[in-house]
>>> print(open('final-v1.txt').read())   # compact mmCIF, C-alpha atoms
# COMPACT_ATOMS: atom_id res chain seq x y z
CA MET G 1 175.88 149.94 36.75
CA SER G 2 178.40 149.48 33.95
CA ILE G 3 181.05 151.43 32.08
CA GLU G 4 180.45 152.62 28.55
CA ASN G 5 182.40 150.28 26.25
CA GLU G 6 182.95 148.00 29.23
CA PRO G 7 183.98 144.92 27.16
CA ASP G 8 186.63 147.02 25.44
CA VAL G 9 187.91 148.39 28.77
CA ILE G 10 188.05 144.86 30.21
CA GLU G 11 189.97 143.54 27.19
CA LYS G 12 192.49 146.37 27.55
CA ALA G 13 192.77 145.75 31.30
CA LYS G 14 193.44 142.07 30.56
CA ALA G 15 196.37 143.21 28.42
CA GLY G 16 197.66 145.30 31.33
CA ASP G 17 196.68 148.71 29.98
CA PRO G 18 197.08 151.09 32.98
CA GLU G 19 194.41 153.47 31.73
CA ALA G 20 191.87 150.65 31.51
CA VAL G 21 192.77 149.36 34.97
CA THR G 22 192.43 152.90 36.36
CA HIS G 23 189.04 153.09 34.65
CA LEU G 24 187.92 149.91 36.44
CA VAL G 25 189.21 151.23 39.77
CA ASN G 26 187.44 154.56 39.29
CA GLU G 27 184.21 152.84 38.37
CA TYR G 28 184.12 149.99 40.87
CA ALA G 29 186.29 150.84 43.92
CA ASP G 30 183.45 152.72 45.63
CA ILE G 31 181.09 149.78 45.13
CA ILE G 32 183.56 147.23 46.45
CA TYR G 33 184.56 149.41 49.40
CA ARG G 34 180.95 150.14 50.32
CA PHE G 35 180.10 146.45 50.21
CA ALA G 36 183.16 145.48 52.27
CA PHE G 37 182.49 148.26 54.77
CA ASN G 38 178.91 147.12 55.25
CA VAL G 39 180.09 143.59 55.93
CA CYS G 40 182.85 144.42 58.43
CA ARG G 41 181.87 147.98 59.58
CA ASN G 42 185.56 148.80 59.84
CA PRO G 43 187.23 151.29 57.44
CA ASP G 44 190.69 149.68 57.62
CA LYS G 45 189.38 146.19 56.94
CA ALA G 46 187.18 147.51 54.15
CA GLU G 47 190.18 149.20 52.52
CA HIS G 48 192.21 146.02 52.85
CA THR G 49 189.40 143.95 51.33
CA THR G 50 189.06 146.43 48.46
CA GLN G 51 192.78 146.11 47.74
CA GLU G 52 192.66 142.32 47.92
CA THR G 53 189.61 142.23 45.66
CA PHE G 54 191.29 144.33 42.96
CA VAL G 55 194.47 142.27 43.13
CA SER G 56 192.35 139.10 42.69
CA LEU G 57 190.32 140.76 39.98
CA LEU G 58 193.37 141.56 37.86
CA ARG G 59 194.85 138.13 38.49
CA LYS G 60 191.62 136.40 37.41
CA LEU G 61 190.51 138.80 34.72
CA ASP G 62 191.36 136.26 32.00
CA GLN G 63 188.77 133.92 33.55
CA PHE G 64 186.00 136.48 33.21
CA ASP G 65 183.39 135.37 30.69
CA SER G 66 182.35 138.47 28.81
CA ARG G 67 178.82 137.07 28.40
CA SER G 68 178.37 137.57 32.16
CA LYS G 69 177.77 140.85 33.91
CA PHE G 70 181.08 142.27 35.14
CA SER G 71 179.59 143.78 38.31
CA THR G 72 178.10 140.40 39.26
CA TRP G 73 181.50 138.75 38.84
CA LEU G 74 183.03 141.49 40.98
CA TYR G 75 180.47 140.97 43.73
CA THR G 76 181.33 137.25 43.69
CA ILE G 77 185.01 138.02 44.31
CA VAL G 78 184.40 140.58 47.07
CA SER G 79 181.75 138.39 48.75
CA ASN G 80 184.22 135.51 48.87
CA HIS G 81 186.89 137.77 50.39
CA CYS G 82 184.47 139.09 53.01
CA LEU G 83 183.17 135.64 53.92
CA MET G 84 186.73 134.30 54.24
CA LEU G 85 187.65 137.26 56.43
CA ALA G 86 184.59 136.76 58.61
CA ARG G 87 185.29 133.04 59.04
CA GLY G 88 189.00 133.47 59.64
CA THR G 89 189.17 136.40 62.05
CA LYS G 90 188.70 135.54 65.67
CA ALA G 91 187.74 139.10 66.56
CA ASP G 92 184.82 138.89 64.17
CA ARG G 93 182.61 136.39 65.86
CA PHE G 94 179.14 136.46 64.47
CA VAL G 95 175.94 135.30 66.01
CA SER G 96 174.24 132.71 63.90
CA ILE G 97 170.51 133.33 63.82
CA ASP G 98 170.09 129.65 63.00
CA ASP G 99 171.07 128.82 66.55
CA GLY G 100 169.64 129.77 69.88
CA ASP G 101 167.35 132.62 70.77
CA GLU G 102 167.08 135.29 68.10
CA ASP G 103 165.69 137.77 70.59
CA THR G 104 168.66 137.78 72.91
CA PRO G 105 171.87 137.13 71.03
CA ASP G 106 175.12 137.59 72.92
CA VAL G 107 176.56 140.99 72.30
CA LEU G 108 179.56 140.31 70.08
CA LEU G 109 180.69 143.58 68.67
CA GLY G 110 183.57 142.15 66.66
CA ALA G 111 186.22 144.35 65.04
CA GLY G 112 188.28 146.10 67.64
CA GLY G 113 190.92 148.73 67.07
CA GLU G 114 188.77 151.74 67.82
CA THR G 115 189.66 154.27 70.47
CA PRO G 116 187.11 155.52 73.01
CA LEU G 117 187.26 158.84 71.18
CA ASP G 118 186.29 157.19 67.89
CA GLU G 119 183.40 155.55 69.63
CA ALA G 120 182.24 158.81 71.21
CA GLU G 121 182.36 160.59 67.86
CA ARG G 122 179.92 158.21 66.24
CA SER G 123 176.35 159.25 66.06
CA ASP G 124 173.85 157.19 68.01
CA THR G 125 172.19 156.05 64.81
CA LYS G 126 175.42 154.94 63.18
CA MET G 127 176.40 153.11 66.35
CA HIS G 128 173.05 151.33 66.41
CA LEU G 129 173.44 150.35 62.75
CA ASP G 130 176.98 149.10 63.30
CA ARG G 131 176.09 147.08 66.37
CA ALA G 132 173.01 145.51 64.83
CA ILE G 133 174.67 144.35 61.61
CA GLN G 134 177.77 143.12 63.44
CA LYS G 135 175.59 140.74 65.40
CA LEU G 136 174.30 139.18 62.22
CA GLY G 137 175.96 136.05 60.88
CA ALA G 138 178.12 136.73 57.81
CA GLU G 139 176.03 134.45 55.57
CA TYR G 140 172.90 136.48 56.36
CA LYS G 141 174.66 139.81 56.28
CA VAL G 142 176.04 139.27 52.78
CA VAL G 143 172.56 138.40 51.47
CA PHE G 144 171.02 141.48 53.11
CA ILE G 145 173.73 143.79 51.76
CA LEU G 146 173.66 142.44 48.20
CA ARG G 147 169.88 142.40 47.96
CA ASP G 148 168.79 145.42 49.99
CA ILE G 149 171.73 147.81 50.14
CA GLU G 150 173.24 147.09 46.72
CA GLY G 151 169.83 146.48 45.14
CA LEU G 152 170.64 143.28 43.23
CA SER G 153 167.86 140.90 42.27
CA THR G 154 167.19 137.74 44.27
CA GLU G 155 168.38 135.68 41.29
CA GLU G 156 171.64 137.66 41.03
CA VAL G 157 172.30 137.19 44.76
CA ALA G 158 171.64 133.47 44.41
CA GLY G 159 174.14 133.28 41.53
CA ILE G 160 176.82 135.27 43.34
CA LEU G 161 176.59 133.21 46.53
CA ASN G 162 175.91 129.90 44.81
CA LEU G 163 172.64 129.51 46.71
CA SER G 164 169.15 128.56 45.63
CA VAL G 165 166.61 131.36 45.24
CA PRO G 166 164.51 130.01 48.16
CA ALA G 167 167.64 129.97 50.35
CA VAL G 168 168.31 133.63 49.49
CA LYS G 169 164.71 134.56 50.31
CA SER G 170 164.83 132.70 53.59
CA ARG G 171 168.12 134.30 54.67
CA LEU G 172 166.91 137.71 53.57
CA HIS G 173 163.70 137.46 55.52
CA ARG G 174 165.53 136.33 58.65
CA ALA G 175 168.20 139.02 58.27
CA ARG G 176 165.61 141.77 57.85
CA SER G 177 163.60 140.53 60.81
CA PHE G 178 166.69 140.27 63.00
CA LEU G 179 167.95 143.75 62.09
CA ARG G 180 164.51 145.28 62.39
CA LYS G 181 164.21 143.86 65.89
CA GLU G 182 167.68 145.06 66.82
CA LEU G 183 166.91 148.54 65.50
CA SER G 184 163.35 148.77 66.80
CA SER G 185 164.21 151.81 68.93
CA LEU G 186 165.04 153.79 65.75
CA PHE G 187 161.55 153.42 64.32
CA ALA G 188 159.39 152.69 67.31
CA GLU G 189 156.29 154.14 65.67
CA ASP G 190 156.47 151.48 62.95
CA TYR G 191 157.42 148.58 65.13
CA HIS G 192 154.66 146.22 66.13
CA GLY G 193 156.77 143.12 66.57
CA LYS G 194 155.62 141.29 63.44
CA ASP G 195 158.28 138.89 62.20
CA MET O 1 136.14 147.95 58.40
CA GLU O 2 135.76 144.27 59.20
CA LYS O 3 139.08 142.55 59.97
CA THR O 4 139.70 139.38 57.96
CA ASP O 5 142.58 136.90 57.90
CA THR O 6 143.26 137.77 54.31
CA PRO O 7 142.90 141.52 53.78
CA GLY O 8 143.06 142.28 50.07
CA GLY O 9 142.53 138.55 49.43
CA ILE O 10 146.05 137.59 50.53
CA ALA O 11 147.46 136.25 53.83
CA CYS O 12 150.18 137.98 55.91
CA ASP O 13 152.80 135.27 55.29
CA GLN O 14 152.26 135.54 51.52
CA VAL O 15 152.65 139.32 51.83
CA LEU O 16 155.96 138.94 53.65
CA ASP O 17 157.16 136.48 51.04
CA PHE O 18 156.23 138.89 48.29
CA ILE O 19 157.84 141.86 50.07
CA CYS O 20 160.93 139.73 50.40
CA GLU O 21 161.09 139.29 46.64
CA GLN O 22 160.01 142.70 45.50
CA PHE O 23 161.08 145.23 48.12
CA GLY O 24 161.73 148.61 46.59
CA GLU O 25 160.64 147.54 43.15
CA ASP O 26 157.69 148.95 41.33
CA ASP O 27 155.48 146.18 40.08
CA ASP O 28 151.92 146.37 38.84
CA SER O 29 151.29 142.63 38.72
CA GLU O 30 148.07 141.14 40.09
CA ARG O 31 149.91 139.86 43.15
CA CYS O 32 151.52 143.25 43.75
CA ARG O 33 148.13 144.95 43.63
CA ALA O 34 146.80 142.38 46.11
CA VAL O 35 149.77 143.07 48.40
CA LYS O 36 149.13 146.81 48.22
CA ALA O 37 145.47 146.22 49.10
CA HIS O 38 146.56 143.99 51.97
CA LEU O 39 149.02 146.59 53.29
CA ALA O 40 146.33 149.24 53.24
CA GLN O 41 144.21 147.10 55.56
CA CYS O 42 146.81 145.32 57.71
CA PRO O 43 148.63 147.52 60.25
CA ASP O 44 151.08 144.74 61.18
CA CYS O 45 152.33 144.14 57.64
CA SER O 46 152.25 147.86 56.93
CA SER O 47 154.41 148.64 59.97
CA TYR O 48 156.78 145.81 59.02
CA CYS O 49 157.10 147.18 55.52
CA ASN O 50 157.65 150.77 56.74
CA SER O 51 160.29 149.86 59.28
CA VAL O 52 162.22 147.60 56.89
CA ASP O 53 162.10 150.36 54.28
CA LYS O 54 163.48 152.88 56.81
CA MET O 55 166.12 150.41 57.97
CA ILE O 56 167.37 149.84 54.42
CA GLY O 57 167.41 153.61 53.86
CA LEU O 58 169.51 154.13 56.98
CA TYR O 59 172.04 151.49 55.93
CA ARG O 60 172.26 152.90 52.42
CA ALA O 61 172.75 156.44 53.77
CA ALA O 62 175.48 155.26 56.15
CA SER O 63 177.53 153.62 53.38
CA PRO O 64 180.75 155.59 52.87
CA ALA O 65 182.69 156.27 49.67
CA PHE O 66 186.18 154.87 49.07
CA PRO O 67 188.65 157.44 50.53
CA ALA O 68 190.77 159.29 47.95
CA GLU O 69 194.03 158.39 49.75
CA ALA O 70 193.04 154.73 49.71
CA LYS O 71 192.41 154.91 45.97
CA THR O 72 195.89 156.38 45.40
CA LEU O 73 197.34 153.58 47.51
CA LEU O 74 195.33 150.97 45.60
CA LEU O 75 196.52 152.26 42.22
CA GLY O 76 200.08 152.14 43.56
CA THR O 77 199.56 148.52 44.66
CA LEU O 78 198.35 147.73 41.15
CA GLY O 79 201.46 149.37 39.73
CA ILE O 80 199.72 152.46 38.45
CA ARG O 81 200.76 155.99 39.26
CA ALA O 82 197.67 158.00 40.22
CA GLU O 83 197.02 161.31 38.46
CA GLY O 84 198.57 164.15 40.44
CA ALA O 85 200.55 161.75 42.63
>>> encode(input="final-v1.txt", output="structure tokens")
Amino acid sequence: MSIENEPDVIEKAKAGDPEAVTHLVNEYADIIYRFAFNVCRNPDKAEHTTQETFVSLLRKLDQFDSRSKFSTWLYTIVSNHCLMLARGTKADRFVSIDDGDEDTPDVLLGAGGETPLDEAERSDTKMHLDRAIQKLGAEYKVVFILRDIEGLSTEEVAGILNLSVPAVKSRLHRARSFLRKELSSLFAEDYHGKD
Amino acid sequence: MEKTDTPGGIACDQVLDFICEQFGEDDDSERCRAVKAHLAQCPDCSSYCNSVDKMIGLYRAASPAFPAEAKTLLLGTLGIRAEGA
């Protein structure tokens, strides 16, 4: 994922060129929003995080080292925003799978603000997906999303989150196992309890 | 077929470690071929692999695009007038 002539676009955006900034928004807003949505499973919070990320991005654009991959830098900014939001919002209490019984976490569905009608309109599958990932601790969730949903390499995820490669692998394995267990009813024919 | 602890010459925990690194990537390395041989003979690892693959597919499919109105609002926040606004 990158824009044609990306270094040129970034240089122009640094100088405040509106066309270049629009180009960056058009290219990367979907990616940032999708990432933020997968972390918080709430459209309003995801929109807010996308806005905050772009404001930070433009403010820090001078610090971007053009030898790095722009998308990786962007993921670093949005990951930091999402982790800060997760740590700072009381409504978003996450279950740490480092603590206690992984099989029976408390049901902490986080993010409120939805009406009963909204809830009823969700499909069963989407509701299962939302509930499962909301139970996962933010540190695990971010690894799972970057590696499996966004398709980044283990090394890229380690760089973005300032973790060692073994730490990324460990968190990823635990996140996958936790989610798989939570979602076992969606693929019962494949589920034999191996984790 | 006789069941062994290391189908394909590789143990289940090594398979999970490898899947963790390589999921969704096409690799023809010696270890990848051993993992494929293991998966063909180990129903537990095979079911794990299938369900994780489905799970990732579901999450990817359920990932929404940035709403157009939100993009207009974002451009406004950044001091840019959106086309057609």
>>> residues_around(input="final-v1.txt", residues="G:Ile3", least_positions_apart="5", cutoff="9 Å", atoms="all atoms listed in the file", output="VMD selection string")
chain G and resid 9 23 to 24 27
>>> write_last_selection(input="final-v1.txt", atoms="C-alpha atoms", output="short mmCIF file (atom, residue, chain, number, x, y, z; two decimals), keeping the file's coordinate frame")
data_model
loop_
_atom_site.label_atom_id
_atom_site.label_comp_id
_atom_site.auth_asym_id
_atom_site.auth_seq_id
_atom_site.Cartn_x
_atom_site.Cartn_y
_atom_site.Cartn_z
CA VAL G 9 187.91 148.39 28.77
CA HIS G 23 189.04 153.09 34.65
CA LEU G 24 187.92 149.91 36.44
CA GLU G 27 184.21 152.84 38.37
#
>>> interface_residues(input="final-v1.txt", of="chain O", to="chain G", cutoff="8 Å", atoms="all atoms listed in the file", output="list in words")
Asp17, Cys20, Glu21, Phe23, Asp44, Cys45, Ser47, Tyr48, Asn50, Ser51, Val52, Lys54, Met55, Ile56, Leu58, Tyr59, Arg60, Ala62, Ser63, Pro64, Ala65, Phe66, Ala70, Lys71, Leu74, Leu75, Thr77, Leu78 and Ile80 of chain O
>>> closest_residue(input="final-v1.txt", among="G:Gly88, G:Lys14, G:Asp8, G:Val39", to="G:Lys60", atoms="only C-alpha atoms")
G:Lys14
>>> atom_distance(input="final-v1.txt", atom1="atom CA of G:Val143", atom2="atom CA of G:Ile10")
27.1 Å
>>> atom_distance(input="final-v1.txt", atom1="atom CA of O:Val35", atom2="atom CA of G:Arg174")
20.0 Å
>>> atom_distance(input="final-v1.txt", atom1="atom CA of G:Val78", atom2="atom CA of G:Met127")
24.3 Å
>>> closest_residue(input="final-v1.txt", among="G:Ala167, G:Leu152, G:Ala138, G:Ala175", to="G:Ser79", atoms="all atoms listed in the file")
G:Ala138
>>> closest_residue(input="final-v1.txt", among="G:Ala20, G:Leu161, G:Ala15, G:Cys82", to="G:Arg59", atoms="all atoms listed in the file")
G:Ala15
>>> residues_around(input="final-v1.txt", residues="G:Ser56", least_positions_apart="5", cutoff="12 Å", atoms="only C-alpha atoms", output="list in words")
Thr49, Thr50, Gln51, Leu61, Asp62, Gln63, Phe64, Trp73, Leu74, Thr76, Ile77, Val78, Asn80 and His81 of chain G; Leu78 of chain O
>>> build_atoms(input="final-v1.txt", residues="stretch 40-53 of chain G", atoms="N, CA and C atoms", output="mmCIF file, keeping the file's coordinate frame")
data_model
loop_
_atom_site.group_PDB
_atom_site.id
_atom_site.type_symbol
_atom_site.label_atom_id
_atom_site.label_comp_id
_atom_site.auth_asym_id
_atom_site.auth_seq_id
_atom_site.Cartn_x
_atom_site.Cartn_y
_atom_site.Cartn_z
ATOM 1 N N CYS G 40 181.984 144.446 57.236
ATOM 2 C CA CYS G 40 182.850 144.420 58.430
ATOM 3 C C CYS G 40 182.701 145.651 59.324
ATOM 4 N N ARG G 41 182.081 146.726 58.828
ATOM 5 C CA ARG G 41 181.870 147.980 59.580
ATOM 6 C C ARG G 41 183.183 148.504 60.149
ATOM 7 N N ASN G 42 184.249 148.344 59.389
ATOM 8 C CA ASN G 42 185.560 148.800 59.840
ATOM 9 C C ASN G 42 186.297 149.354 58.622
ATOM 10 N N PRO G 43 186.630 150.670 58.630
ATOM 11 C CA PRO G 43 187.230 151.290 57.440
ATOM 12 C C PRO G 43 188.545 150.625 57.003
ATOM 13 N N ASP G 44 189.395 150.275 57.977
ATOM 14 C CA ASP G 44 190.690 149.680 57.620
ATOM 15 C C ASP G 44 190.511 148.322 56.951
ATOM 16 N N LYS G 45 189.629 147.510 57.538
ATOM 17 C CA LYS G 45 189.380 146.190 56.940
ATOM 18 C C LYS G 45 188.722 146.327 55.571
ATOM 19 N N ALA G 46 187.847 147.307 55.451
ATOM 20 C CA ALA G 46 187.180 147.510 54.150
ATOM 21 C C ALA G 46 188.190 147.944 53.091
ATOM 22 N N GLU G 47 189.132 148.797 53.472
ATOM 23 C CA GLU G 47 190.180 149.200 52.520
ATOM 24 C C GLU G 47 191.029 148.010 52.118
ATOM 25 N N HIS G 48 191.397 147.215 53.116
ATOM 26 C CA HIS G 48 192.210 146.020 52.850
ATOM 27 C C HIS G 48 191.469 145.073 51.901
ATOM 28 N N THR G 49 190.193 144.854 52.180
ATOM 29 C CA THR G 49 189.400 143.950 51.330
ATOM 30 C C THR G 49 189.279 144.499 49.913
ATOM 31 N N THR G 50 189.146 145.814 49.796
ATOM 32 C CA THR G 50 189.060 146.430 48.460
ATOM 33 C C THR G 50 190.355 146.184 47.687
ATOM 34 N N GLN G 51 191.483 146.363 48.382
ATOM 35 C CA GLN G 51 192.780 146.110 47.740
ATOM 36 C C GLN G 51 192.892 144.650 47.294
ATOM 37 N N GLU G 52 192.571 143.748 48.221
ATOM 38 C CA GLU G 52 192.660 142.320 47.920
ATOM 39 C C GLU G 52 191.748 141.945 46.738
ATOM 40 N N THR G 53 190.566 142.541 46.729
ATOM 41 C CA THR G 53 189.610 142.230 45.660
ATOM 42 C C THR G 53 190.162 142.670 44.308
#
